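These notes concern the structure reproduced below.
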Amino acid sequence: MQREHDTPRYDQLIDAYRPIVHLDGVGNLLSWDQQVMMPAGGTPARARQQATVSRLRHERLADPTVGDYLRELGDAELTEIERAAVREIKRQHERAVRVPTELIEELRQLTAEALPVWEEARETNDSTGFVPMLEDVIELKREYAAHIDPDRDPYEILFEDYEPYLSLDTADAVLAELRDALVPILEGIAESEVTISGEPLQGEFPIDQQRSCVEDVLDVLGYDWEHGRIDTSTHPFTSGNPFDSRVTTRFDPTDLRPGLGATIHEFGHADYELGLPRDAYGTPLGESRDLTVHESQSRLWENHVGRSRPFWTFLLPRLAETFPSLADVSPDAAFAAVNKVYPDKLIRVEADELTYHLHIIVRYEIEREVMAGSLDVAEIPAVWNDRYESYLGVRPETETDGWLQDIHWSSGYFGYFPTYSLGSVLAAQLYGAIERDIGSLDEQLTTGSVGVIQDWLREAVHHHGCRYPTPELIETATGESFGADAFIAYVSEKYGELYDL
């Protein structure tokens with residue numbers, strides 16, 4: 001009898017939740033269009049459109065009826081899948097009811113207006129107009145966090161928007177462990193007599209031809225063009241759902257690596273979305289787990305596949321068909337070039353696997369200080385430059401190459417950056433689990449047969465959606481608890497071989 005009563009109430013909860021998912025999709029599509037296709041003058045209307053969508057979404061999520069359904073289902077006899085969906089909706093609802101709808105609407109309109117201001121600041125190397133807008137964004141984000149819990153660290157609350165199940169203490173510990181492990185490796189590389197050149201993949205590479213090449217790479221990786229597309233944007237990103245997942249990239253006409261790396265990275269995000277169960281779309285079981293898991297997918301494909309020697313053994317002859325200058329480049333030289341360590345690299349998205357995490361630590365430290373009120377926005381450029389000089393031994397000469405390079409703060413994404421490092425750590429665990437289950441993947445990568453990796457990820461990660469909290473999903477997929485050991489072992493072996501450490 002209890003089951004007969006509970007099932008209709010559960011169905012009503014899901015019926016109330018589905019429009020929230022659809023509104024998320026509308027907002028994502030509006031954002032994709034703004035960054036990819038919208039004419040520059042469209043911002044005033046787009047900002048209001050985004051604000052309206054955010055208001056409607058928030059009103060539905062905070063609706064007291066949703067709370068009533070959740071309370072009635074609290075002691076109900078539910079299946080495991082139903083309990084998971086209730087857990088996820090409850091977590092979102094409990095945060096939403098604490099935040100005024102007006103604040104959500106104001107924040108979304110402001111970040112939509114801030115995007116073109118950031119783009120212009122980045123283009124012109126002049127942050128004068130962007131600084132006051134960012135100050136407003138930060139103030140609203142602090143207000144948002146205070147509504148959720150005025151007695152907790154606001155940054156911790158913002159971090160939970162992107163990673164609700166791994167604590168900020170865990171992020172702190174992992175970042176500290178990475179710093180302690182990577183610094184000695186980087187010191188060894190600095191003292192190494194081995195010199196690696198990026199020149200094999202540098203030269204003249206027209207963008208239209210590069211685009212053709214990255215489309216070929218997406219074909220090889222198994223990108224579903226019926227449900228996706230590729231465009232260019234100022235900052236590469238992925239937007240989508242199990243039916244429509246789009247990627248963007250950007251190109252350097254003098255270097256193949258940025259375009260290839262960004263495309264493969266974004267493929268990982270898109271493939272995750274496209275691998276979610278379509279029959280569960282509109283429920284938490286059809287949604288991706290949070291940012292640590294999402295970033296693990298992109299970093300796995302970008303680094304463990306896209307920066308591997310076997311994959312470049314396969315890829316290089318295909319690239320040489322478009323760019324004859326690559327015909328005399330060996331796979332070993334190409335492999336070394338895509339893994340060259342650049343301690344003085346200024347741009348995060350072009351960084352190597354090792355120094356990448358120092359880029360993240362800079363942003364993480366600054367975010368925390370800004371949210372705590374101990375650092376003003378106007379002070380960020382100088383602090384950023386000082387920390388780059390301290391951590392990476394290089395000082396940005398322009399704001400474009402410095403604090404203006406990332407889109408995240410203009411979008412209000414405070415708390416996002418640590419998930420890049422957490423995702424990299426998880427990627428190593430997942431790749432290790434794949435090789436334990438299947439064996440070495442070198443032969444498959446040498447022939448471009450990456451479907452076995454995609455199939456494993458579909459089964460172990462993608463098809464679960466939000467069924468499990470992050471730590472449980474990691475243990476289910478890998479048989480291990482979350483930790484940095486696999487990543488540290490992976491980079492120690494790889495870069496030890498490359499630089500003869």
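In the structure tokens, chains take letters A, B, ... by order of appearance, with residues numbered from 1 within each chain and ligands from 1 in the order shown.
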
Residues near A:Thr322, cut-off 10 Å, only C-alpha atoms, skip fewer than 5 positions along chain, as a PDB file with N, CA and C atoms, in the first residue's frame:
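around-v9.pdb, written as the output of this step:
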```pdb
ATOM      1  N   PHE A 205      50.248  27.280 -39.994  1.00  0.00           N
ATOM      2  CA  PHE A 205      49.118  26.353 -40.040  1.00  0.00           C
ATOM      3  C   PHE A 205      47.826  27.152 -40.194  1.00  0.00           C
ATOM      4  N   GLN A 209      42.528  25.064 -42.352  1.00  0.00           N
ATOM      5  CA  GLN A 209      43.075  23.715 -42.432  1.00  0.00           C
ATOM      6  C   GLN A 209      43.151  23.067 -41.051  1.00  0.00           C
ATOM      7  N   GLN A 210      43.460  23.857 -40.036  1.00  0.00           N
ATOM      8  CA  GLN A 210      43.443  23.324 -38.672  1.00  0.00           C
ATOM      9  C   GLN A 210      42.049  22.854 -38.299  1.00  0.00           C
ATOM     10  N   SER A 212      39.771  21.691 -40.236  1.00  0.00           N
ATOM     11  CA  SER A 212      39.541  20.411 -40.897  1.00  0.00           C
ATOM     12  C   SER A 212      40.212  19.280 -40.131  1.00  0.00           C
ATOM     13  N   CYS A 213      41.410  19.551 -39.624  1.00  0.00           N
ATOM     14  CA  CYS A 213      42.145  18.529 -38.870  1.00  0.00           C
ATOM     15  C   CYS A 213      41.457  18.190 -37.550  1.00  0.00           C
ATOM     16  N   PRO A 317      50.735  10.998 -39.032  1.00  0.00           N
ATOM     17  CA  PRO A 317      50.602  10.845 -40.488  1.00  0.00           C
ATOM     18  C   PRO A 317      49.324  11.475 -41.043  1.00  0.00           C
ATOM     19  N   ALA A 327      55.789  15.935 -42.348  1.00  0.00           N
ATOM     20  CA  ALA A 327      56.139  14.613 -42.878  1.00  0.00           C
ATOM     21  C   ALA A 327      57.445  14.081 -42.302  1.00  0.00           C
TER      22      ALA A 327
END
```

query: Counting only C-alpha atoms, what is within 10 Å of A:Glu160, bar same-chain residues fewer than 6 positions away, as a list in words?
result: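 With the cut-off at 10 Å, the set is Leu166, Ser167, Leu168, Asp290, Leu291, Gly415 and Tyr416 of chain A.
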
File dump, residues just selected, N, CA and C atoms, as an mmCIF file, in the first residue's frame:
```
data_model
loop_
_atom_site.group_PDB
_atom_site.id
_atom_site.type_symbol
_atom_site.label_atom_id
_atom_site.label_comp_id
_atom_site.auth_asym_id
_atom_site.auth_seq_id
_atom_site.Cartn_x
_atom_site.Cartn_y
_atom_site.Cartn_z
ATOM 1 N N LEU A 166 32.600 16.611 -2.601
ATOM 2 C CA LEU A 166 33.981 16.620 -2.135
ATOM 3 C C LEU A 166 34.186 17.934 -1.411
ATOM 4 N N SER A 167 34.653 17.885 -0.187
ATOM 5 C CA SER A 167 34.732 19.090 0.638
ATOM 6 C C SER A 167 35.842 20.024 0.170
ATOM 7 N N LEU A 168 35.735 21.281 0.597
ATOM 8 C CA LEU A 168 36.792 22.244 0.308
ATOM 9 C C LEU A 168 38.081 21.827 1.001
ATOM 10 N N ASP A 290 29.023 16.205 -10.811
ATOM 11 C CA ASP A 290 29.495 17.584 -10.744
ATOM 12 C C ASP A 290 30.868 17.787 -11.380
ATOM 13 N N LEU A 291 31.459 18.952 -11.148
ATOM 14 C CA LEU A 291 32.585 19.396 -11.974
ATOM 15 C C LEU A 291 33.847 18.562 -11.842
ATOM 16 N N GLY A 415 34.825 29.482 -7.378
ATOM 17 C CA GLY A 415 34.770 28.146 -6.807
ATOM 18 C C GLY A 415 34.950 27.060 -7.844
ATOM 19 N N TYR A 416 35.011 27.435 -9.110
ATOM 20 C CA TYR A 416 35.131 26.476 -10.217
ATOM 21 C C TYR A 416 36.565 25.961 -10.369
#
```

List every residue of stretch 307-329 of chain A that has an atom at most 12 Å from any atom of stretch 195-199 of chain A, and for each one report the closest atom pair and its distance in Å to one decimal, counting only C-alpha atoms, with rows sorted by chain and then by increasing residue number, as a Markdown table.
```
| residue | atom | partner | partner_atom | distance |
| --- | --- | --- | --- | --- |
| A:Ser325 | CA | A:Glu199 | CA | 11.3 |
| A:Leu326 | CA | A:Glu199 | CA | 10.5 |
| A:Val329 | CA | A:Glu199 | CA | 9.9 |
```

- request: Rank nothing, just name the residue among A:Gln34, A:Gln12, A:Thr79, A:Asn339 nearest to A:Gly496, using only C-alpha atoms.
  value: A:Asn339

Show which residues sit within 10 Å of A:Val183, as a PDB file with N, CA and C atoms, in the first residue's frame. Count only C-alpha atoms, and ignore same-chain residues fewer than 4 positions away.
```
ATOM      1  N   LEU A 178      49.574  18.127  -4.554  1.00  0.00           N
ATOM      2  CA  LEU A 178      50.092  18.335  -5.911  1.00  0.00           C
ATOM      3  C   LEU A 178      51.280  19.294  -5.894  1.00  0.00           C
ATOM      4  N   ARG A 179      51.141  20.385  -5.157  1.00  0.00           N
ATOM      5  CA  ARG A 179      52.240  21.352  -5.094  1.00  0.00           C
ATOM      6  C   ARG A 179      53.499  20.683  -4.535  1.00  0.00           C
ATOM      7  N   GLU A 187      61.706  21.125 -10.485  1.00  0.00           N
ATOM      8  CA  GLU A 187      63.101  21.481 -10.191  1.00  0.00           C
ATOM      9  C   GLU A 187      64.049  20.530 -10.917  1.00  0.00           C
ATOM     10  N   GLY A 188      63.680  19.242 -10.943  1.00  0.00           N
ATOM     11  CA  GLY A 188      64.501  18.271 -11.661  1.00  0.00           C
ATOM     12  C   GLY A 188      64.540  18.551 -13.152  1.00  0.00           C
ATOM     13  N   ILE A 189      63.403  18.951 -13.703  1.00  0.00           N
ATOM     14  CA  ILE A 189      63.339  19.286 -15.129  1.00  0.00           C
ATOM     15  C   ILE A 189      64.209  20.504 -15.433  1.00  0.00           C
ATOM     16  N   LEU A 354      52.104  19.622 -15.821  1.00  0.00           N
ATOM     17  CA  LEU A 354      52.696  19.852 -14.508  1.00  0.00           C
ATOM     18  C   LEU A 354      52.429  21.267 -14.002  1.00  0.00           C
ATOM     19  N   THR A 355      52.860  22.259 -14.787  1.00  0.00           N
ATOM     20  CA  THR A 355      52.695  23.636 -14.325  1.00  0.00           C
ATOM     21  C   THR A 355      51.238  24.071 -14.329  1.00  0.00           C
ATOM     22  N   LEU A 358      49.910  24.821 -10.982  1.00  0.00           N
ATOM     23  CA  LEU A 358      50.358  26.071 -10.366  1.00  0.00           C
ATOM     24  C   LEU A 358      49.493  27.229 -10.850  1.00  0.00           C
ATOM     25  N   TYR A 391      55.624  31.632  -8.385  1.00  0.00           N
ATOM     26  CA  TYR A 391      55.342  30.217  -8.602  1.00  0.00           C
ATOM     27  C   TYR A 391      55.890  29.682  -9.917  1.00  0.00           C
TER      28      TYR A 391
END
```

Selection near A:Gly439, 12 Å with only C-alpha atoms, sequence-local residues under 6 positions removed, as a ChimeraX atom specification: /A:431-433,452-453

Nearby residues (only C-alpha atoms) at most 9 Å from A:Gly259, same-chain spacing under 3 positions excluded, as a list of chain:residue names: A:Gln210, A:Arg211, A:Val214, A:Thr249, A:Arg250, A:Phe251, A:Asp252, A:Asp255, A:Leu256, A:Ala262, A:Thr263, A:Ile264

- request: Just the residues within 12 Å of A:Glu472, please, counting only C-alpha atoms, with nothing from its chain fewer than 3 positions along; format it as a ChimeraX atom specification.
  value: /A:165-166,289,293,460-461,464,466-469,475-482
